[in-house]
>>> print(open('structure-v9.tsv').read())   # TSV, C-alpha atoms
chain	number	residue	atom	x	y	z
A	173	MET	CA	0.00	0.00	0.00
A	174	ILE	CA	1.36	3.41	-0.99
A	175	PRO	CA	1.62	5.69	2.08
A	176	ILE	CA	-0.51	8.84	1.82
A	177	PRO	CA	0.41	11.84	3.99
A	178	ILE	CA	-2.31	13.49	6.07
A	179	LEU	CA	-2.83	17.02	4.78
A	180	SER	CA	-3.85	20.04	6.83
A	181	LEU	CA	-7.03	21.96	6.02
A	182	ALA	CA	-4.99	24.82	4.57
A	183	ALA	CA	-3.10	22.44	2.25
A	184	ILE	CA	-6.38	20.89	1.07
A	185	LEU	CA	-7.84	24.33	0.32
A	186	ILE	CA	-4.73	25.32	-1.63
A	187	ILE	CA	-4.87	22.12	-3.71
A	188	LEU	CA	-8.58	22.70	-4.41
A	189	ALA	CA	-7.79	26.27	-5.48
A	190	PHE	CA	-5.21	25.00	-7.98
A	191	TYR	CA	-7.70	22.44	-9.33
A	192	ALA	CA	-10.31	25.20	-9.73
A	193	ALA	CA	-7.76	27.42	-11.49
A	194	THR	CA	-6.85	24.59	-13.85
A	195	LEU	CA	-10.50	23.96	-14.69
A	196	ALA	CA	-11.08	27.69	-15.28
A	197	TRP	CA	-7.99	27.87	-17.52
A	198	LEU	CA	-9.18	24.89	-19.59
A	199	VAL	CA	-12.67	26.37	-20.06
A	200	TRP	CA	-11.25	29.80	-20.91
A	201	THR	CA	-8.76	28.31	-23.38
A	202	LEU	CA	-11.56	26.40	-25.09
A	203	CYS	CA	-13.61	29.58	-25.36
A	204	ILE	CA	-10.64	31.48	-26.85
A	205	ILE	CA	-10.16	28.76	-29.46
A	206	LEU	CA	-13.83	28.53	-30.43
A	207	SER	CA	-15.02	32.13	-30.08
A	208	ALA	CA	-13.66	35.09	-32.00
A	209	LYS	CA	-15.68	37.41	-29.77
A	210	VAL	CA	-13.80	36.16	-26.68
A	211	ARG	CA	-10.49	36.65	-28.46
A	212	CYS	CA	-11.39	40.23	-29.31
A	213	ARG	CA	-12.25	41.00	-25.69
A	214	LEU	CA	-8.84	39.94	-24.42
A	215	GLY	CA	-7.41	43.02	-22.75
A	216	PRO	CA	-4.14	43.42	-20.83
A	217	TRP	CA	-5.69	42.55	-17.45
A	218	ARG	CA	-7.49	39.50	-18.90
A	219	ILE	CA	-4.23	38.30	-20.44
A	220	PHE	CA	-2.57	38.78	-17.04
A	221	VAL	CA	-5.26	36.70	-15.26
A	222	TYR	CA	-5.07	34.11	-18.02
A	223	ALA	CA	-1.29	33.87	-17.54
A	224	ILE	CA	-1.72	33.37	-13.78
A	225	LEU	CA	-4.29	30.60	-14.38
A	226	ALA	CA	-1.95	29.01	-16.94
A	227	ALA	CA	0.92	29.07	-14.43
A	228	MET	CA	-1.26	27.49	-11.75
A	229	SER	CA	-2.34	24.84	-14.25
A	230	CYS	CA	1.30	24.03	-15.00
A	231	LEU	CA	2.00	23.65	-11.30
A	232	THR	CA	-1.01	21.32	-10.99
A	233	VAL	CA	0.32	19.15	-13.81
A	234	LEU	CA	3.77	19.06	-12.19
A	235	TYR	CA	2.15	18.09	-8.87
A	236	HIS	CA	0.36	15.17	-10.51
A	237	TYR	CA	3.51	14.15	-12.34
A	238	ASP	CA	5.43	14.14	-9.05
A	239	LEU	CA	2.71	12.02	-7.40
A	240	HIS	CA	2.85	9.58	-10.30
A	241	GLN	CA	6.63	9.34	-10.04
A	242	GLN	CA	6.44	8.72	-6.29
A	243	ALA	CA	3.86	5.99	-6.80
A	244	ALA	CA	5.94	4.37	-9.55
A	245	ASP	CA	9.06	4.54	-7.37
A	246	PHE	CA	7.21	3.00	-4.42
A	247	LYS	CA	5.85	0.16	-6.56
A	248	MET	CA	9.31	-0.53	-7.98
A	249	LYS	CA	10.80	-0.72	-4.47
A	250	PHE	CA	8.05	-2.43	-2.50
A	251	GLU	CA	5.73	-4.07	-5.08
A	252	PRO	CA	8.08	-5.58	-7.68
A	253	VAL	CA	7.08	-7.99	-10.43
A	254	LEU	CA	9.56	-10.76	-11.19
A	255	SER	CA	11.02	-10.51	-14.68
A	256	LYS	CA	12.39	-14.07	-14.59
A	257	ASN	CA	11.96	-17.32	-12.70
A	258	SER	CA	13.51	-16.99	-9.23
A	259	PHE	CA	13.99	-19.06	-6.08
A	260	ILE	CA	12.82	-16.83	-3.23
A	261	GLY	CA	12.03	-17.77	0.34
A	262	GLY	CA	12.20	-21.49	-0.40
A	263	ILE	CA	9.74	-21.16	-3.31
A	264	ASP	CA	10.34	-21.51	-7.05
A	265	MET	CA	8.54	-18.41	-8.28
A	266	PRO	CA	7.75	-17.94	-11.97
A	267	ALA	CA	8.26	-14.76	-13.97
A	268	GLY	CA	5.28	-12.46	-13.56
A	269	THR	CA	4.94	-13.10	-9.82
A	270	LYS	CA	3.79	-9.96	-8.00
A	271	LEU	CA	5.47	-9.40	-4.66
A	272	VAL	CA	4.92	-7.10	-1.72
A	273	VAL	CA	8.19	-6.73	0.22
A	274	ASN	CA	9.08	-5.15	3.57
A	275	ALA	CA	12.54	-3.88	2.57
A	276	PRO	CA	13.08	-2.01	-0.73
A	277	TYR	CA	14.44	-4.19	-3.54
A	278	ASP	CA	14.87	-7.15	-1.14
A	279	PHE	CA	12.74	-9.97	-2.53
A	280	GLU	CA	13.56	-12.26	0.41
A	281	THR	CA	11.52	-10.01	2.70
A	282	PHE	CA	8.31	-10.58	0.76
A	283	ARG	CA	5.13	-10.78	2.79
A	284	GLU	CA	2.80	-11.41	-0.14
A	285	ALA	CA	3.25	-13.22	-3.44
A	286	LYS	CA	0.65	-13.52	-6.19
A	287	PHE	CA	1.53	-16.09	-8.83
A	288	PRO	CA	0.46	-15.91	-12.49
A	289	TYR	CA	-0.46	-19.61	-12.36
A	290	PRO	CA	-0.59	-22.30	-9.63
A	291	VAL	CA	2.76	-22.99	-7.98
A	292	ARG	CA	3.40	-26.19	-6.05
A	293	ILE	CA	4.35	-25.37	-2.45
A	294	SER	CA	4.55	-28.35	-0.11
A	295	GLY	CA	1.41	-30.28	-1.10
A	296	THR	CA	-0.66	-27.35	-2.35
A	297	ASP	CA	-1.11	-25.68	-5.74
A	298	ALA	CA	-0.98	-22.08	-4.57
A	299	LEU	CA	-2.01	-18.93	-6.40
A	300	PHE	CA	-1.38	-16.63	-3.45
A	301	ALA	CA	1.04	-16.80	-0.52
A	302	LYS	CA	1.07	-14.55	2.52
A	303	ARG	CA	3.81	-14.67	5.15
A	304	TYR	CA	3.96	-13.43	8.72
A	305	LEU	CA	7.39	-11.95	9.43
A	306	THR	CA	8.96	-10.80	12.67
A	307	THR	CA	11.16	-7.71	12.65
A	308	GLU	CA	14.63	-7.89	14.18
A	309	THR	CA	15.98	-4.63	15.59
A	310	ASP	CA	19.02	-3.45	17.55
A	311	GLU	CA	19.00	-1.52	20.84
A	312	GLU	CA	18.25	1.69	18.97
A	313	TYR	CA	15.33	0.04	17.15
A	314	ARG	CA	17.05	0.09	13.79
A	315	ILE	CA	15.79	-2.73	11.60
A	316	LEU	CA	18.35	-5.51	11.17
A	317	GLY	CA	16.24	-7.98	9.23
A	318	TYR	CA	13.04	-10.00	8.95
A	319	THR	CA	12.34	-13.64	9.87
A	320	PRO	CA	9.33	-15.55	8.46
A	321	LEU	CA	7.31	-17.53	11.01
A	322	ASN	CA	4.60	-19.01	8.81
A	323	ILE	CA	3.11	-18.89	5.35
A	324	ARG	CA	-0.56	-19.02	4.39
A	325	LEU	CA	-1.36	-20.50	1.00
A	326	THR	CA	-4.51	-20.03	-1.05
A	327	GLY	CA	-5.05	-21.78	-4.36
A	328	ILE	CA	-7.31	-24.10	-6.26
A	329	GLY	CA	-8.75	-27.54	-5.52
A	330	GLU	CA	-7.29	-29.46	-2.62
A	331	GLY	CA	-3.95	-29.52	-0.86
A	332	LEU	CA	-2.49	-32.60	0.79
A	333	GLU	CA	-0.67	-31.55	3.95
A	334	ASN	CA	0.48	-34.01	6.61
A	335	GLU	CA	-1.95	-36.57	5.17
A	336	TRP	CA	-4.88	-34.19	5.62
A	337	ARG	CA	-6.93	-33.16	2.61
A	338	CYS	CA	-7.25	-29.38	2.86
A	339	ASP	CA	-9.56	-27.01	0.99
A	340	ALA	CA	-7.05	-24.86	-0.90
A	341	THR	CA	-9.61	-22.12	-1.53
A	342	HIS	CA	-9.20	-21.26	2.16
A	343	PRO	CA	-5.84	-20.40	3.78
A	344	ILE	CA	-3.55	-23.36	4.51
A	345	THR	CA	-1.04	-22.32	7.16
A	346	LEU	CA	2.44	-23.85	7.32
A	347	GLN	CA	5.25	-23.13	9.76
A	348	THR	CA	8.48	-21.98	8.13
A	349	ARG	CA	12.16	-21.99	8.93
A	350	SER	CA	14.23	-18.82	9.06
A	351	ASP	CA	15.11	-19.21	5.35
A	352	GLY	CA	11.43	-19.42	4.42
A	353	SER	CA	11.33	-23.15	3.64
A	354	VAL	CA	8.38	-25.15	4.97
A	355	LYS	CA	8.94	-26.67	8.40
A	356	ALA	CA	5.62	-28.17	9.47
A	357	PHE	CA	1.85	-28.13	8.94
A	358	GLU	CA	-0.08	-25.73	11.17
A	359	SER	CA	-3.74	-25.50	10.16
A	360	CYS	CA	-6.28	-25.69	7.33
A	361	MET	CA	-9.95	-26.19	6.54
A	362	ALA	CA	-10.83	-29.80	5.79
A	363	ALA	CA	-11.89	-30.82	2.30
A	364	VAL	CA	-13.89	-33.95	1.46
A	365	GLY	CA	-12.06	-37.25	1.94
A	366	ASN	CA	-10.61	-37.07	5.46
A	367	ARG	CA	-11.41	-39.87	7.89
A	368	VAL	CA	-11.21	-40.11	11.65
A	369	GLU	CA	-11.60	-43.59	13.15
A	370	ASN	CA	-13.18	-44.96	9.96
A	371	GLN	CA	-15.77	-42.22	9.68
A	372	PRO	CA	-15.68	-39.19	7.40
A	373	LEU	CA	-14.52	-35.91	8.88
A	374	PRO	CA	-17.07	-33.23	7.91
A	375	LYS	CA	-15.98	-30.84	5.19
A	376	GLY	CA	-15.24	-27.40	6.60
A	377	ALA	CA	-13.79	-28.65	9.87
A	378	GLU	CA	-10.83	-26.58	11.07
A	379	ILE	CA	-7.75	-28.77	11.58
A	380	ILE	CA	-5.04	-27.42	13.88
A	381	ALA	CA	-1.76	-29.12	14.73
A	382	THR	CA	-0.61	-28.91	18.35
A	383	ASP	CA	2.35	-30.08	20.40
A	384	GLY	CA	-0.03	-31.04	23.20
A	385	SER	CA	-1.89	-29.13	25.86
A	386	VAL	CA	0.56	-27.75	28.40
A	387	TYR	CA	-0.44	-27.43	32.04
A	388	THR	CA	0.89	-24.97	34.58
A	389	ASP	CA	3.00	-27.66	36.23
A	390	GLY	CA	4.71	-28.42	32.91
A	391	PHE	CA	2.76	-31.56	32.08
A	392	VAL	CA	2.22	-32.02	28.32
A	393	ALA	CA	-0.89	-33.95	27.26
A	394	SER	CA	-1.03	-36.48	24.45
A	395	ASP	CA	-3.30	-34.47	22.13
A	396	ARG	CA	-1.68	-33.63	18.80
A	397	TRP	CA	-4.65	-32.44	16.73
A	398	LEU	CA	-7.38	-29.98	17.61
A	399	ILE	CA	-10.41	-30.08	15.30
A	400	TYR	CA	-13.29	-27.63	15.33
A	401	LEU	CA	-16.34	-29.21	13.69
A	402	PRO	CA	-18.83	-27.16	11.67
A	403	ALA	CA	-21.83	-26.16	13.80
A	404	ASP	CA	-24.32	-28.32	11.87
A	405	SER	CA	-22.05	-31.37	11.36
A	406	GLU	CA	-22.30	-34.73	13.11
A	407	LEU	CA	-19.59	-37.12	14.28
A	408	SER	CA	-19.85	-40.32	16.30
A	409	VAL	CA	-17.85	-40.19	19.53
A	410	GLU	CA	-18.09	-43.21	21.86
A	411	ASN	CA	-21.29	-44.35	20.13
A	412	LYS	CA	-22.83	-40.94	20.70
A	413	THR	CA	-23.54	-38.32	18.08
A	414	GLN	CA	-21.66	-35.08	18.58
A	415	ILE	CA	-23.03	-32.06	16.73
A	416	GLY	CA	-20.42	-29.38	16.17
A	417	GLY	CA	-18.00	-28.61	18.96
A	418	VAL	CA	-14.37	-29.64	19.33
A	419	ILE	CA	-12.56	-32.98	19.26
A	420	ARG	CA	-8.95	-33.81	20.10
A	421	LEU	CA	-6.86	-36.50	18.45
A	422	ASP	CA	-3.68	-38.21	19.58
A	423	ALA	CA	-0.62	-38.81	17.39
A	424	GLU	CA	-2.36	-41.84	15.77
A	425	ARG	CA	-5.39	-39.60	15.07
A	426	ARG	CA	-7.65	-41.43	17.48
A	427	ILE	CA	-10.31	-39.41	19.25
A	428	ILE	CA	-9.37	-38.64	22.85
A	429	THR	CA	-12.41	-39.23	25.04
A	430	LYS	CA	-10.78	-39.42	28.45
A	431	PRO	CA	-9.42	-36.45	30.42
A	432	LEU	CA	-6.05	-35.33	29.11
A	433	ARG	CA	-4.45	-36.08	32.50
>>> encode(input="structure-v9.tsv", output="structure tokens")
Amino acid sequence: MIPIPILSLAAILIILAFYAATLAWLVWTLCIILSAKVRCRLGPWRIFVYAILAAMSCLTVLYHYDLHQQAADFKMKFEPVLSKNSFIGGIDMPAGTKLVVNAPYDFETFREAKFPYPVRISGTDALFAKRYLTTETDEEYRILGYTPLNIRLTGIGEGLENEWRCDATHPITLQTRSDGSVKAFESCMAAVGNRVENQPLPKGAEIIATDGSVYTDGFVASDRWLIYLPADSELSVENKTQIGGVIRLDAERRIITKPLR
């Protein structure tokens, strides 16, 4: 996003005055071209006013040109488009990829990438990738660099991540290493085809990976998957029908029905 400065009321009024002067100059010029009567009535003072309006119009054009140059410069620095295939942040990106970067001209600091066609990342055909980056600073808060923590992929069809079938039209979140390469699966929305204890997992369930519930005394429970079921979905748990709600799975993806400790 191009930063836009907040203008004072006086600055806004001055800009509006220049726009009005430009409009008046254009209308007057058109009248001079089309009407001989107007041309005949041009006296010294009218020529003087016309010259002032012309000068203000030139300044307005220069102002717009400067804005255009600033926008073009910002896009070149922070919203580049790849001119050739490149390997960036652990991803093979094709030419035509549109990036949004945090540091000027530094593609490795990209936080968004829009691909011209689906790109295979992990087990997903992605059209759009969005990364969350942390900012590293020194004691004087000068930026030293950026480290990616995760990447969210959106694409077409289904993605296969950690043996889960994920709906790629919704964000699929993956943990990343410091170089941007994929480290582990984090979360996604379930597509059709997933099974839990020989029964289908409802489409639209939110699948979240976990290292286990941690208690205040340091005890780590055996749950490894947290699944939020759609409100109107049904799932059999201990021969009882559960409608919506949350289920927890262990490392073998069995439903945990007993207390975690």
>>> atom_distance(input="structure-v9.tsv", atom1="CA of Leu299 in chain A", atom2="CA of Glu335 in chain A")
21.1 Å
>>> closest_residue(input="structure-v9.tsv", among="A:Ser353, A:Ser385, A:Gln371, A:Thr319", to="Phe259 in chain A", atoms="only C-alpha atoms")
A:Ser353
>>> atom_distance(input="structure-v9.tsv", atom1="CA of Arg349 in chain A", atom2="CA of Glu312 in chain A")
26.4 Å
>>> closest_residue(input="structure-v9.tsv", among="A:Asp297, A:Asp404, A:Asp245, A:Asp351", to="Glu330 in chain A", atoms="only C-alpha atoms")
A:Asp297
>>> closest_residue(input="structure-v9.tsv", among="A:Leu271, A:Ile428, A:Ile263, A:Ile328", to="Ser294 in chain A", atoms="only C-alpha atoms")
A:Ile263
